[in-house]
Amino acid sequence: MNATLSVQELWSQIRMLPAGERHWLANKLYDYEEVYEEEEERLTPYTMEELNARIDRSLADAKAGRTYTSDEVRQFMEAKHPWLCE
């Protein structure tokens, strides 16, 4: 089931919440924003040297046979997270 809500409708629904639930929601949104900002500050783009090193490691892994087939990866996923593979 998909539900769509305009910003105005969402705001109207939020205003109808009891005060305690509005405060809970406000705290959750504040906590989310704080975590999001920290994560955004921590992220930096890769340098060309880092990208080339990753490519070199991947090529070396492939050459040494340290790879998995798509069937093997699917088996790992089904064993660990079966709800994702339905």
# chains A, B, ... in the order shown; residues from 1 in each chain; ligands from 1
>>> residues_around(residues="A:Arg74", least_positions_apart="4", cutoff="8 Å", atoms="only C-alpha atoms", output="JSON, numbers by chain")
{"A": [70, 78, 85]}
>>> select_by_dssp(residues="chain A", states="helix (DSSP H, G or I)", output="PDB file with C-alpha atoms, in the first residue's frame")
ATOM      1  CA  VAL A   7       3.340  18.824   3.379  1.00  0.00           C
ATOM      2  CA  GLN A   8       0.230  20.692   4.490  1.00  0.00           C
ATOM      3  CA  GLU A   9      -1.616  17.431   5.221  1.00  0.00           C
ATOM      4  CA  LEU A  10       1.373  16.097   7.137  1.00  0.00           C
ATOM      5  CA  TRP A  11       1.572  19.277   9.190  1.00  0.00           C
ATOM      6  CA  SER A  12      -2.134  19.025   9.916  1.00  0.00           C
ATOM      7  CA  GLN A  13      -1.680  15.429  11.113  1.00  0.00           C
ATOM      8  CA  ILE A  14       1.263  16.411  13.312  1.00  0.00           C
ATOM      9  CA  ARG A  15      -0.728  19.247  14.911  1.00  0.00           C
ATOM     10  CA  ALA A  19       1.523  17.120  23.043  1.00  0.00           C
ATOM     11  CA  GLY A  20       3.642  14.259  24.367  1.00  0.00           C
ATOM     12  CA  GLU A  21       3.746  12.558  20.967  1.00  0.00           C
ATOM     13  CA  ARG A  22       4.584  15.863  19.241  1.00  0.00           C
ATOM     14  CA  HIS A  23       7.512  16.325  21.636  1.00  0.00           C
ATOM     15  CA  TRP A  24       8.650  12.740  20.994  1.00  0.00           C
ATOM     16  CA  LEU A  25       8.517  13.331  17.231  1.00  0.00           C
ATOM     17  CA  ALA A  26      10.369  16.641  17.553  1.00  0.00           C
ATOM     18  CA  ASN A  27      13.132  14.940  19.559  1.00  0.00           C
ATOM     19  CA  LYS A  28      13.416  12.145  16.984  1.00  0.00           C
ATOM     20  CA  LEU A  29      13.686  14.655  14.145  1.00  0.00           C
ATOM     21  CA  TYR A  30      16.250  16.696  16.048  1.00  0.00           C
ATOM     22  CA  ASP A  31      18.314  13.559  16.804  1.00  0.00           C
ATOM     23  CA  TYR A  32      18.105  12.486  13.155  1.00  0.00           C
ATOM     24  CA  GLU A  33      19.239  15.897  11.933  1.00  0.00           C
ATOM     25  CA  GLU A  34      22.166  15.885  14.355  1.00  0.00           C
ATOM     26  CA  VAL A  35      23.298  12.419  13.220  1.00  0.00           C
ATOM     27  CA  TYR A  36      22.823  13.348   9.568  1.00  0.00           C
ATOM     28  CA  GLU A  37      24.931  16.487   9.931  1.00  0.00           C
ATOM     29  CA  GLU A  38      27.702  14.568  11.717  1.00  0.00           C
ATOM     30  CA  GLU A  39      27.688  11.921   8.984  1.00  0.00           C
ATOM     31  CA  GLU A  40      27.763  14.566   6.267  1.00  0.00           C
ATOM     32  CA  GLU A  41      30.748  16.279   7.898  1.00  0.00           C
ATOM     33  CA  ARG A  42      32.591  12.954   8.178  1.00  0.00           C
ATOM     34  CA  MET A  48      42.641   9.595  -7.085  1.00  0.00           C
ATOM     35  CA  GLU A  49      45.299   7.649  -5.173  1.00  0.00           C
ATOM     36  CA  GLU A  50      42.636   5.982  -3.009  1.00  0.00           C
ATOM     37  CA  LEU A  51      40.530   5.132  -6.053  1.00  0.00           C
ATOM     38  CA  ASN A  52      43.507   3.683  -7.907  1.00  0.00           C
ATOM     39  CA  ALA A  53      44.521   1.641  -4.841  1.00  0.00           C
ATOM     40  CA  ARG A  54      41.007   0.195  -4.598  1.00  0.00           C
ATOM     41  CA  ILE A  55      41.051  -0.699  -8.283  1.00  0.00           C
ATOM     42  CA  ASP A  56      44.475  -2.332  -7.922  1.00  0.00           C
ATOM     43  CA  ARG A  57      43.276  -4.401  -4.938  1.00  0.00           C
ATOM     44  CA  SER A  58      40.183  -5.487  -6.843  1.00  0.00           C
ATOM     45  CA  LEU A  59      42.196  -6.528  -9.879  1.00  0.00           C
ATOM     46  CA  ALA A  60      44.627  -8.452  -7.662  1.00  0.00           C
ATOM     47  CA  ASP A  61      41.716 -10.210  -5.918  1.00  0.00           C
ATOM     48  CA  ALA A  62      40.202 -11.195  -9.264  1.00  0.00           C
ATOM     49  CA  LYS A  63      43.564 -12.455 -10.565  1.00  0.00           C
ATOM     50  CA  SER A  70      26.479 -14.229  -8.339  1.00  0.00           C
ATOM     51  CA  ASP A  71      24.926 -17.548  -7.248  1.00  0.00           C
ATOM     52  CA  GLU A  72      27.270 -17.732  -4.254  1.00  0.00           C
ATOM     53  CA  VAL A  73      26.451 -14.165  -3.259  1.00  0.00           C
ATOM     54  CA  ARG A  74      22.731 -14.930  -3.533  1.00  0.00           C
ATOM     55  CA  GLN A  75      23.174 -17.994  -1.279  1.00  0.00           C
ATOM     56  CA  PHE A  76      25.016 -15.870   1.308  1.00  0.00           C
ATOM     57  CA  MET A  77      22.253 -13.257   1.183  1.00  0.00           C
ATOM     58  CA  GLU A  78      19.471 -15.831   1.457  1.00  0.00           C
ATOM     59  CA  ALA A  79      21.170 -17.403   4.479  1.00  0.00           C
ATOM     60  CA  LYS A  80      21.817 -14.112   6.261  1.00  0.00           C
ATOM     61  CA  PRO A  82      16.123 -14.242   3.690  1.00  0.00           C
ATOM     62  CA  TRP A  83      13.495 -11.476   3.763  1.00  0.00           C
ATOM     63  CA  LEU A  84      15.531  -9.518   1.203  1.00  0.00           C
ATOM     64  CA  CYS A  85      15.513 -12.369  -1.297  1.00  0.00           C
TER      65      CYS A  85
END
>>> decode(residues="stretch 2-35 of chain A", atoms="C-alpha atoms", output="short mmCIF file (atom, residue, chain, number, x, y, z; two decimals), in the first residue's frame")
data_model
loop_
_atom_site.label_atom_id
_atom_site.label_comp_id
_atom_site.auth_asym_id
_atom_site.auth_seq_id
_atom_site.Cartn_x
_atom_site.Cartn_y
_atom_site.Cartn_z
CA ASN A 2 1.37 3.40 -0.95
CA ALA A 3 0.33 6.57 0.81
CA THR A 4 1.00 10.08 -0.31
CA LEU A 5 0.64 13.14 1.83
CA SER A 6 1.22 16.77 1.03
CA VAL A 7 3.34 18.82 3.38
CA GLN A 8 0.23 20.69 4.49
CA GLU A 9 -1.62 17.43 5.22
CA LEU A 10 1.37 16.10 7.14
CA TRP A 11 1.57 19.28 9.19
CA SER A 12 -2.13 19.02 9.92
CA GLN A 13 -1.68 15.43 11.11
CA ILE A 14 1.26 16.41 13.31
CA ARG A 15 -0.73 19.25 14.91
CA MET A 16 -3.48 16.77 15.83
CA LEU A 17 -1.04 14.60 17.84
CA PRO A 18 -1.16 14.82 21.62
CA ALA A 19 1.52 17.12 23.04
CA GLY A 20 3.64 14.26 24.37
CA GLU A 21 3.75 12.56 20.97
CA ARG A 22 4.58 15.86 19.24
CA HIS A 23 7.51 16.32 21.64
CA TRP A 24 8.65 12.74 20.99
CA LEU A 25 8.52 13.33 17.23
CA ALA A 26 10.37 16.64 17.55
CA ASN A 27 13.13 14.94 19.56
CA LYS A 28 13.42 12.15 16.98
CA LEU A 29 13.69 14.65 14.14
CA TYR A 30 16.25 16.70 16.05
CA ASP A 31 18.31 13.56 16.80
CA TYR A 32 18.11 12.49 13.15
CA GLU A 33 19.24 15.90 11.93
CA GLU A 34 22.17 15.88 14.36
CA VAL A 35 23.30 12.42 13.22
#
